[in-house]
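So this block is work.txt, compact mmCIF, C-alpha atoms:
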# COMPACT_ATOMS: atom_id res chain seq x y z
CA MET A 87 103.00 48.89 -44.79
CA ILE A 88 102.09 52.44 -44.37
CA PRO A 89 98.29 52.82 -43.98
CA THR A 90 96.64 54.91 -46.52
CA LYS A 91 94.30 57.74 -45.72
CA ARG A 92 91.35 55.47 -46.50
CA ASP A 93 92.62 52.83 -44.03
CA ARG A 94 92.92 55.42 -41.29
CA SER A 95 89.32 56.52 -41.91
CA ARG A 96 88.08 52.95 -41.67
CA ARG A 97 89.92 52.42 -38.36
CA GLN A 98 88.45 55.64 -36.90
CA ILE A 99 84.98 54.53 -37.91
CA ALA A 100 85.56 51.11 -36.31
CA ALA A 101 86.82 52.72 -33.09
CA ALA A 102 83.79 54.97 -32.98
CA CYS A 103 81.52 51.95 -33.32
CA VAL A 104 83.31 50.14 -30.47
CA LEU A 105 82.96 53.25 -28.29
CA ALA A 106 79.28 53.52 -29.10
CA ALA A 107 78.73 49.87 -28.22
CA ALA A 108 80.50 50.33 -24.89
CA THR A 109 78.41 53.37 -24.11
CA ALA A 110 75.20 51.45 -24.80
CA ALA A 111 76.32 48.63 -22.52
CA ALA A 112 77.09 51.10 -19.75
CA CYS A 113 73.65 52.58 -20.06
CA ALA A 114 72.07 49.13 -19.65
CA SER A 115 74.28 48.07 -16.68
CA PRO A 116 73.27 48.76 -12.98
CA GLY A 117 74.33 52.06 -11.52
CA PRO A 118 74.48 53.21 -7.89
CA ASP A 119 70.67 53.39 -7.71
CA ASN A 120 70.45 49.64 -8.18
CA HIS A 121 72.50 49.00 -5.04
CA GLY A 122 74.68 46.36 -6.69
CA ARG A 123 71.87 43.89 -7.37
CA GLY A 124 73.05 43.07 -10.88
CA PRO A 125 71.76 44.00 -14.28
CA ARG A 126 68.15 44.45 -15.10
CA ASN A 127 67.38 41.49 -17.30
CA LYS A 128 63.75 42.44 -17.97
CA PRO A 129 62.90 45.14 -20.42
CA HIS A 130 61.16 48.22 -19.09
CA ALA A 131 57.38 47.82 -19.30
CA PRO A 132 55.24 50.39 -21.06
CA ALA A 133 53.99 53.28 -18.94
CA ALA A 134 50.42 51.93 -19.00
CA SER A 135 51.53 48.75 -17.19
CA GLU A 136 53.13 50.64 -14.26
CA SER A 137 49.88 51.08 -12.33
CA PRO A 138 49.88 48.64 -9.35
CA GLY A 139 47.85 45.50 -9.73
CA PRO A 140 46.39 43.22 -7.09
CA ASP A 141 49.80 41.78 -6.25
CA VAL A 142 51.02 45.22 -5.15
CA ALA A 143 48.23 45.61 -2.60
CA ALA A 144 48.86 42.09 -1.37
CA LYS A 145 52.46 43.05 -0.64
CA GLY A 146 51.28 45.89 1.60
CA VAL A 147 52.27 48.82 -0.55
CA PRO A 148 49.02 50.81 -0.91
CA ALA A 149 48.86 54.21 -2.45
CA ALA A 150 49.34 57.04 0.06
CA PRO A 151 45.96 58.17 1.50
CA ASP A 152 44.84 61.75 1.22
CA ALA A 153 44.74 63.98 4.31
CA HIS A 154 41.08 63.20 5.17
CA GLU A 155 41.55 59.45 4.87
CA GLY A 156 44.63 59.57 7.09
CA GLN A 157 42.80 61.58 9.75
CA GLY A 158 39.87 59.18 9.77
CA ALA A 159 42.21 56.21 10.06
CA GLN A 160 43.87 57.76 13.10
CA GLN A 161 40.54 58.40 14.80
CA ALA A 162 39.30 54.89 14.09
CA ALA A 163 42.41 53.22 15.49
CA PRO A 164 41.29 50.89 18.31
CA ALA A 165 42.54 51.36 21.85
CA ASP A 166 45.10 48.97 23.20
CA PRO A 167 43.04 45.89 24.17
CA SER A 168 45.55 44.82 26.78
CA GLY A 169 45.25 48.25 28.46
CA GLN A 170 41.47 48.00 28.48
CA ALA A 171 41.59 44.53 29.98
CA LYS A 172 43.96 45.73 32.68
CA ALA A 173 41.66 48.66 33.56
CA VAL A 174 38.66 46.31 33.83
CA GLN A 175 40.63 43.94 36.03
CA GLU A 176 41.78 46.77 38.30
CA ALA A 177 38.22 48.11 38.64
CA ALA A 178 36.94 44.63 39.48
CA ALA A 179 39.70 44.21 42.06
CA ARG A 180 38.83 47.54 43.70
CA GLU A 181 35.14 46.62 43.85
CA GLU A 182 35.94 43.23 45.34
CA ALA A 183 38.17 44.89 47.96
CA MET A 184 35.33 47.29 48.84
CA ARG A 185 32.91 44.39 49.21
CA ALA A 186 35.33 42.55 51.47
CA ALA A 187 35.93 45.65 53.61
CA ARG A 188 32.17 46.23 53.93
CA ALA A 189 31.60 42.61 54.94
CA THR A 190 34.26 42.89 57.65
CA ALA A 191 32.89 46.23 58.87
CA ALA A 192 29.33 44.90 58.85
CA ARG A 193 30.26 42.05 61.20
CA ALA A 194 32.11 44.46 63.47
CA TRP A 195 29.00 46.69 63.71
CA GLY A 196 26.55 43.86 64.36
CA LEU A 197 25.19 43.34 60.83
CA THR A 198 24.88 39.87 59.32
CA THR A 199 24.61 41.27 55.77
CA PRO A 200 26.75 44.16 54.50
CA PRO A 201 25.11 47.08 52.69
CA LEU A 202 24.93 46.82 48.92
CA LEU A 203 27.26 48.92 46.79
CA ALA A 204 25.49 51.76 45.01
CA PRO A 205 25.79 51.90 41.21
CA ALA A 206 27.97 54.51 39.56
CA PRO A 207 26.41 57.99 39.72
CA PRO A 208 24.45 59.05 36.64
CA ALA A 209 26.47 60.98 34.07
CA THR A 210 23.73 63.61 34.08
CA LYS A 211 21.53 64.40 37.07
CA PRO A 212 17.83 63.62 36.56
CA ALA A 213 15.73 66.49 35.25
CA LEU A 214 13.41 67.82 37.95
CA THR A 215 10.20 68.26 36.00
CA GLY A 216 6.68 68.25 37.41
CA ASN A 217 5.86 64.76 38.64
CA GLY A 218 2.70 64.93 40.73
CA ALA A 219 3.32 64.26 44.40
CA HIS A 220 6.99 63.35 43.93
CA VAL A 221 8.41 66.49 42.27
CA ILE A 222 6.57 69.82 42.54
CA VAL A 223 7.76 72.52 40.15
CA ARG A 224 6.68 76.16 40.03
CA PRO A 225 8.12 78.76 37.66
CA GLY A 226 11.10 80.57 39.12
CA LEU A 227 11.13 78.51 42.36
CA PRO A 228 13.31 75.61 43.53
CA PRO A 229 11.66 72.20 42.87
CA VAL A 230 10.29 70.39 45.91
CA VAL A 231 11.39 66.73 45.76
CA ARG A 232 9.86 63.88 47.75
CA ARG A 233 11.23 61.14 45.51
CA VAL A 234 14.19 61.57 43.17
CA PRO A 235 13.32 60.60 39.57
CA THR A 236 15.53 57.56 38.86
CA ASN A 237 15.21 53.90 37.93
CA ASP A 238 18.32 52.95 39.93
CA LYS A 239 17.57 50.77 42.95
CA VAL A 240 18.88 53.39 45.34
CA VAL A 241 17.55 55.34 48.31
CA PHE A 242 19.09 58.31 50.13
CA LEU A 243 19.76 58.78 53.85
CA THR A 244 19.34 62.30 55.25
CA VAL A 245 19.88 63.42 58.88
CA ASP A 246 18.29 66.58 60.31
CA ASP A 247 18.79 69.15 63.09
CA GLY A 248 22.11 68.52 64.86
CA MET A 249 21.30 67.99 68.54
CA GLU A 250 23.22 64.71 69.03
CA LYS A 251 26.87 64.66 68.00
CA ASP A 252 27.74 60.97 68.20
CA ARG A 253 31.31 60.19 67.10
CA GLU A 254 30.53 56.47 66.95
CA PHE A 255 27.86 57.21 64.35
CA ASN A 256 30.50 58.94 62.23
CA ARG A 257 32.81 55.94 62.59
CA MET A 258 30.08 53.51 61.59
CA LEU A 259 29.22 55.56 58.51
CA LYS A 260 32.87 55.67 57.48
CA ASP A 261 33.55 51.97 58.09
CA LEU A 262 30.47 50.87 56.13
CA GLY A 263 30.93 53.45 53.37
CA ILE A 264 27.42 54.86 53.85
CA PRO A 265 26.85 58.34 52.34
CA VAL A 266 24.61 60.76 54.24
CA SER A 267 23.34 64.28 53.74
CA ALA A 268 23.05 66.39 56.90
CA PHE A 269 20.50 69.23 57.11
CA VAL A 270 21.75 71.36 59.97
CA THR A 271 19.93 73.88 62.20
CA ASP A 272 22.21 76.60 63.54
CA TYR A 273 21.06 76.82 67.17
CA LEU A 274 21.55 73.04 67.60
CA ALA A 275 24.84 72.81 65.70
CA ARG A 276 26.46 75.96 67.06
CA PRO A 277 27.83 74.41 70.29
CA ASN A 278 30.08 72.19 68.13
CA TYR A 279 30.25 72.94 64.43
CA GLY A 280 33.54 71.03 64.48
CA TYR A 281 31.53 67.79 64.59
CA PHE A 282 29.89 68.67 61.27
CA ARG A 283 33.20 69.75 59.76
CA ASP A 284 34.55 66.29 60.61
CA LEU A 285 31.47 64.72 59.04
CA ARG A 286 32.09 66.79 55.91
CA ASP A 287 35.75 65.75 55.85
CA GLN A 288 34.82 62.08 55.73
CA GLY A 289 32.57 62.62 52.71
CA ALA A 290 29.17 63.68 54.05
CA SER A 291 27.42 66.76 52.68
CA VAL A 292 26.10 69.50 54.97
CA HIS A 293 22.98 71.47 53.96
CA ASN A 294 20.54 74.09 55.25
CA HIS A 295 17.79 73.48 57.85
CA THR A 296 17.34 77.15 58.97
CA LEU A 297 18.67 79.13 61.89
CA ASN A 298 16.07 78.32 64.57
CA HIS A 299 13.85 75.49 63.24
CA ARG A 300 10.73 77.66 63.15
CA ASP A 301 7.48 76.90 61.31
CA LEU A 302 8.12 78.91 58.17
CA ARG A 303 4.42 79.10 57.30
CA LYS A 304 4.06 81.65 60.10
CA LEU A 305 6.73 83.98 58.71
CA ASP A 306 6.56 86.54 55.92
CA TYR A 307 9.08 86.72 53.09
CA GLU A 308 11.63 88.68 55.12
CA GLY A 309 11.25 86.31 58.07
CA ASN A 310 11.82 83.32 55.77
CA ARG A 311 14.81 85.03 54.27
CA ARG A 312 16.40 85.61 57.68
CA GLU A 313 15.97 81.94 58.59
CA VAL A 314 17.17 80.45 55.31
CA CYS A 315 19.72 82.93 54.04
CA GLY A 316 21.11 83.53 57.55
CA GLN A 317 21.93 79.82 57.80
CA GLN A 318 23.47 79.89 54.32
CA ASP A 319 25.92 82.50 55.61
CA ASN A 320 26.64 80.48 58.77
CA LEU A 321 27.34 77.27 56.87
CA GLU A 322 29.62 79.06 54.45
CA ARG A 323 31.56 80.47 57.37
CA GLU A 324 31.56 77.38 59.63
CA ILE A 325 31.70 74.49 57.13
CA GLY A 326 33.23 76.20 54.11
CA VAL A 327 30.33 75.45 51.75
CA ARG A 328 27.28 77.39 50.62
CA PRO A 329 24.69 74.64 50.14
CA ASN A 330 22.34 74.30 47.22
CA LEU A 331 19.86 72.04 49.09
CA PHE A 332 17.44 73.19 51.80
CA ARG A 333 14.90 71.32 53.92
CA PRO A 334 12.21 73.34 55.73
CA PRO A 335 11.50 72.38 59.35
CA PHE A 336 8.59 69.90 59.66
CA GLY A 337 8.56 69.76 55.86
CA GLU A 338 6.33 72.86 55.83
CA TYR A 339 6.83 75.84 53.53
CA THR A 340 5.06 78.58 51.56
CA GLU A 341 5.74 80.28 48.27
CA ALA A 342 7.52 82.99 50.29
CA THR A 343 9.81 80.26 51.70
CA LEU A 344 10.75 79.03 48.24
CA ARG A 345 11.30 82.57 46.93
CA ALA A 346 13.52 83.37 49.89
CA ALA A 347 15.48 80.12 49.41
CA ALA A 348 15.99 80.83 45.71
CA SER A 349 17.29 84.33 46.51
CA CYS A 350 20.30 82.89 48.39
CA GLY A 351 21.34 80.01 46.16
CA ILE A 352 18.99 77.09 46.90
CA THR A 353 18.24 74.97 43.82
CA ALA A 354 16.16 72.10 45.29
CA VAL A 355 14.09 71.31 48.40
CA PRO A 356 14.21 67.59 49.23
CA LEU A 357 11.58 66.25 51.64
CA TRP A 358 11.20 62.52 52.45
CA ASN A 359 9.26 59.26 52.02
CA GLN A 360 10.29 57.34 55.17
CA GLU A 361 11.46 58.25 58.67
CA ALA A 362 13.93 56.04 60.56
CA PHE A 363 14.20 55.46 64.31
CA PRO A 364 16.33 52.97 66.28
CA ASP A 365 13.34 50.63 66.71
CA ARG A 366 11.24 51.14 63.57
CA MET A 367 10.89 52.53 60.06
CA GLU A 368 7.82 54.65 59.31
CA TYR A 369 6.69 54.59 55.66
CA ARG A 370 4.73 57.39 54.01
CA TYR A 371 2.90 54.95 51.72
CA GLY A 372 0.77 51.99 52.61
CA ASP A 373 2.81 49.34 50.78
CA HIS A 374 5.63 49.75 53.35
CA LYS A 375 8.26 49.36 50.65
CA PHE A 376 11.13 51.36 49.26
CA HIS A 377 10.97 52.66 45.70
CA PRO A 378 13.82 53.90 43.49
CA GLY A 379 14.74 57.44 44.53
CA ASP A 380 13.11 57.39 47.99
CA ILE A 381 14.52 59.79 50.59
CA ILE A 382 14.83 58.57 54.18
CA LEU A 383 14.65 61.10 57.01
CA THR A 384 16.24 60.63 60.42
CA HIS A 385 17.67 62.96 63.09
CA PHE A 386 20.79 63.63 65.12
CA ARG A 387 19.29 62.28 68.36
CA GLY A 388 20.18 59.87 71.13
CA PRO A 389 18.79 57.80 74.00
CA GLU A 390 17.37 60.84 75.79
CA THR A 391 14.69 61.12 73.08
CA TRP A 392 14.94 57.73 71.31
CA LYS A 393 14.78 54.08 72.28
CA GLY A 394 18.40 53.64 71.29
CA ASP A 395 21.30 55.54 69.75
CA MET A 396 22.20 56.64 66.24
CA ASN A 397 24.14 53.44 65.53
CA ALA A 398 21.04 51.38 66.32
CA MET A 399 19.10 53.57 63.92
CA LEU A 400 21.72 53.06 61.19
CA ARG A 401 21.71 49.28 61.72
CA LEU A 402 17.96 49.23 61.23
CA VAL A 403 18.18 51.36 58.07
CA VAL A 404 20.88 49.16 56.53
CA ARG A 405 18.98 45.96 57.33
CA GLU A 406 15.70 47.18 55.84
CA VAL A 407 17.24 48.78 52.77
CA THR A 408 19.46 45.77 52.01
CA ALA A 409 16.70 43.23 52.60
CA GLN A 410 14.63 44.96 49.91
CA GLY A 411 17.53 44.89 47.43
CA PHE A 412 18.40 48.60 47.56
CA ALA A 413 21.66 50.48 48.05
CA ILE A 414 22.14 53.79 49.85
CA ALA A 415 23.47 56.35 47.37
CA ARG A 416 24.72 59.92 47.64
CA LEU A 417 21.84 62.39 47.27
CA GLU A 418 24.06 65.07 45.75
CA ASP A 419 24.90 62.79 42.83
CA TYR A 420 21.24 62.95 41.80
CA LEU A 421 20.12 66.43 42.92
Output the structure of this file as structure tokens.
Amino acid sequence: MIPTKRDRSRRQIAAACVLAAATAAACASPGPDNHGRGPRNKPHAPAASESPGPDVAAKGVPAAPDAHEGQGAQQAAPADPSGQAKAVQEAAAREEAMRAARATAARAWGLTTPPLLAPAPPATKPALTGNGAHVIVRPGLPPVVRRVPTNDKVVFLTVDDGMEKDREFNRMLKDLGIPVSAFVTDYLARPNYGYFRDLRDQGASVHNHTLNHRDLRKLDYEGNRREVCGQQDNLEREIGVRPNLFRPPFGEYTEATLRAAASCGITAVPLWNQEAFPDRMEYRYGDHKFHPGDIILTHFRGPETWKGDMNAMLRLVVREVTAQGFAIARLEDYL
């Protein structure tokens, strides 16, 4: 039967409907963006419901932070705890090794008790402000220091002049890990400045004690300047350092001395509280005790002027300092 024009129109309409239905199905089926996970069975939620609820945060998908929040999070990130623990362990191991080495050295040098380890140096050196008899400050002049302002249980060992050049003393200092500050007079050191260079190379500091060890109270400004600044030049040439510490001979000085010292780079004038000999310790104060920040004076001398040598003197210092619970620290860490 030959289809009429009306039949053909009906068939075209039916075909169009089938095509429309197929197109709708294709639109609802998964495309490449769905990665082959099958059709979406749930209807799309309204736009208002697309904001993440508590379950989104619980799944670890927070909203991206702004630039300031991200920067703060990076700064607040904690350091690796295992790295910190390792650093602490290594520091403790080094300290224990130092204690063991000191104990061995102490026995070798005739000490029953090794010297105590000094605490870590202060991050900032103590301010040298007027402190009665212990720190004397005058405008424009280097402070005069008899006792370093600190609460650390430390004292400081200083050695003056330079007459005796005892290599065994250097060895004992090195073995025990004792820091010293040498205040050197040119006419006594000049026969062998190499001894003081060696002392510097093993960690000691070398400072100014004038050219000729004269009583500076008897000199005018120019005379003081020759004695102090002349030795500054010598030490720079012979030792390779231009010191910032100066000790006047006999502990005596005038304003002219301090002005002269300031003119050539001196920033502090340390004196002392105790003086050490091979057979005794002389205390400035009647309680015969050390106090935090005390400065001990001794000299480069030997049996021709002492009842013993420099090693005997150092043994006595270590025994007395340790027995009173103090450690010998490096003066330059505090001044």
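Once A:Pro207 and its same-chain neighbours fewer than 6 positions away are set aside, A:Thr236, A:Asp238, A:Lys239, A:Val240, A:Ile414, A:Ala415, A:Arg416, A:Leu417, A:Glu418, A:Asp419, A:Tyr420, A:Leu421 remain within 12 Å of it when counting all atoms listed in the file.
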List as a PDB file with C-alpha atoms, keeping the file's coordinate frame the protein and nucleic acid residues near A:Gly388, meaning an atom at most 9 Å away when all atoms listed in the file are counted, but skip any in the same chain fewer than 3 places from it.
ATOM      1  CA  MET A 249      21.300  67.990  68.540  1.00  0.00           C
ATOM      2  CA  GLU A 250      23.220  64.710  69.030  1.00  0.00           C
ATOM      3  CA  LYS A 251      26.870  64.660  68.000  1.00  0.00           C
ATOM      4  CA  ASP A 252      27.740  60.970  68.200  1.00  0.00           C
ATOM      5  CA  HIS A 385      17.670  62.960  63.090  1.00  0.00           C
ATOM      6  CA  THR A 391      14.690  61.120  73.080  1.00  0.00           C
ATOM      7  CA  TRP A 392      14.940  57.730  71.310  1.00  0.00           C
ATOM      8  CA  LYS A 393      14.780  54.080  72.280  1.00  0.00           C
ATOM      9  CA  GLY A 394      18.400  53.640  71.290  1.00  0.00           C
ATOM     10  CA  ASP A 395      21.300  55.540  69.750  1.00  0.00           C
ATOM     11  CA  MET A 396      22.200  56.640  66.240  1.00  0.00           C
TER      12      MET A 396
END
Q. How many Å lie between atom CA of A:Ser291 and atom CA of A:Ala268, rounded to one decimal?
A.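 Between atom CA of A:Ser291 and atom CA of A:Ala268 the gap works out to 6.1 Å.
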Selection near A:Gly411, 12 Å with all atoms listed in the file, sequence-local residues under 6 positions removed, as a ChimeraX atom specification: /A:199-204,238-241,375-378,404-405
Report, in Å to a single decimal, how far apart atom CA of A:Phe386 and atom CA of A:Arg188 are.
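Separating atom CA of A:Arg188 from atom CA of A:Phe386 is a distance of 23.6 Å.
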Check: So which residues touch A:Ser349 within 10 Å, counting all atoms listed in the file, skipping near sequence neighbours fewer than 3 positions away, as JSON, numbers by chain?
Finding: {"A": [227, 311, 314, 315, 343, 344, 345, 346, 352, 353]}
Practice item. Have a look at atom CA of A:Glu182 and atom CA of A:Leu243 and let me know their distance in Å, one decimal. Key: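 So the two atoms, atom CA of A:Glu182 and atom CA of A:Leu243, lie 24.0 Å apart.
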Contact residues around A:Met367 with all atoms listed in the file at 10 Å, ignoring same-chain residues under 5 positions, as a list in words: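 The residues satisfying every condition are Gln360, Glu361, Ala362, His374, Ile382, Leu383, Thr384, Met399, Leu402, Val403 and Glu406 of chain A.
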The residue from A:Asn397, A:Asn310, A:Gln175, A:Gln410 with the smallest atom-to-atom distance to A:Met258, counting all atoms listed in the file, is A:Asn397
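Every residue within 6 Å of the file position (12.1, 61.8, 46.4), judged by only C-alpha atoms, is given as His220, Val231, Arg232, Arg233, Val234, Gly379, Asp380 and Ile381 of chain A.
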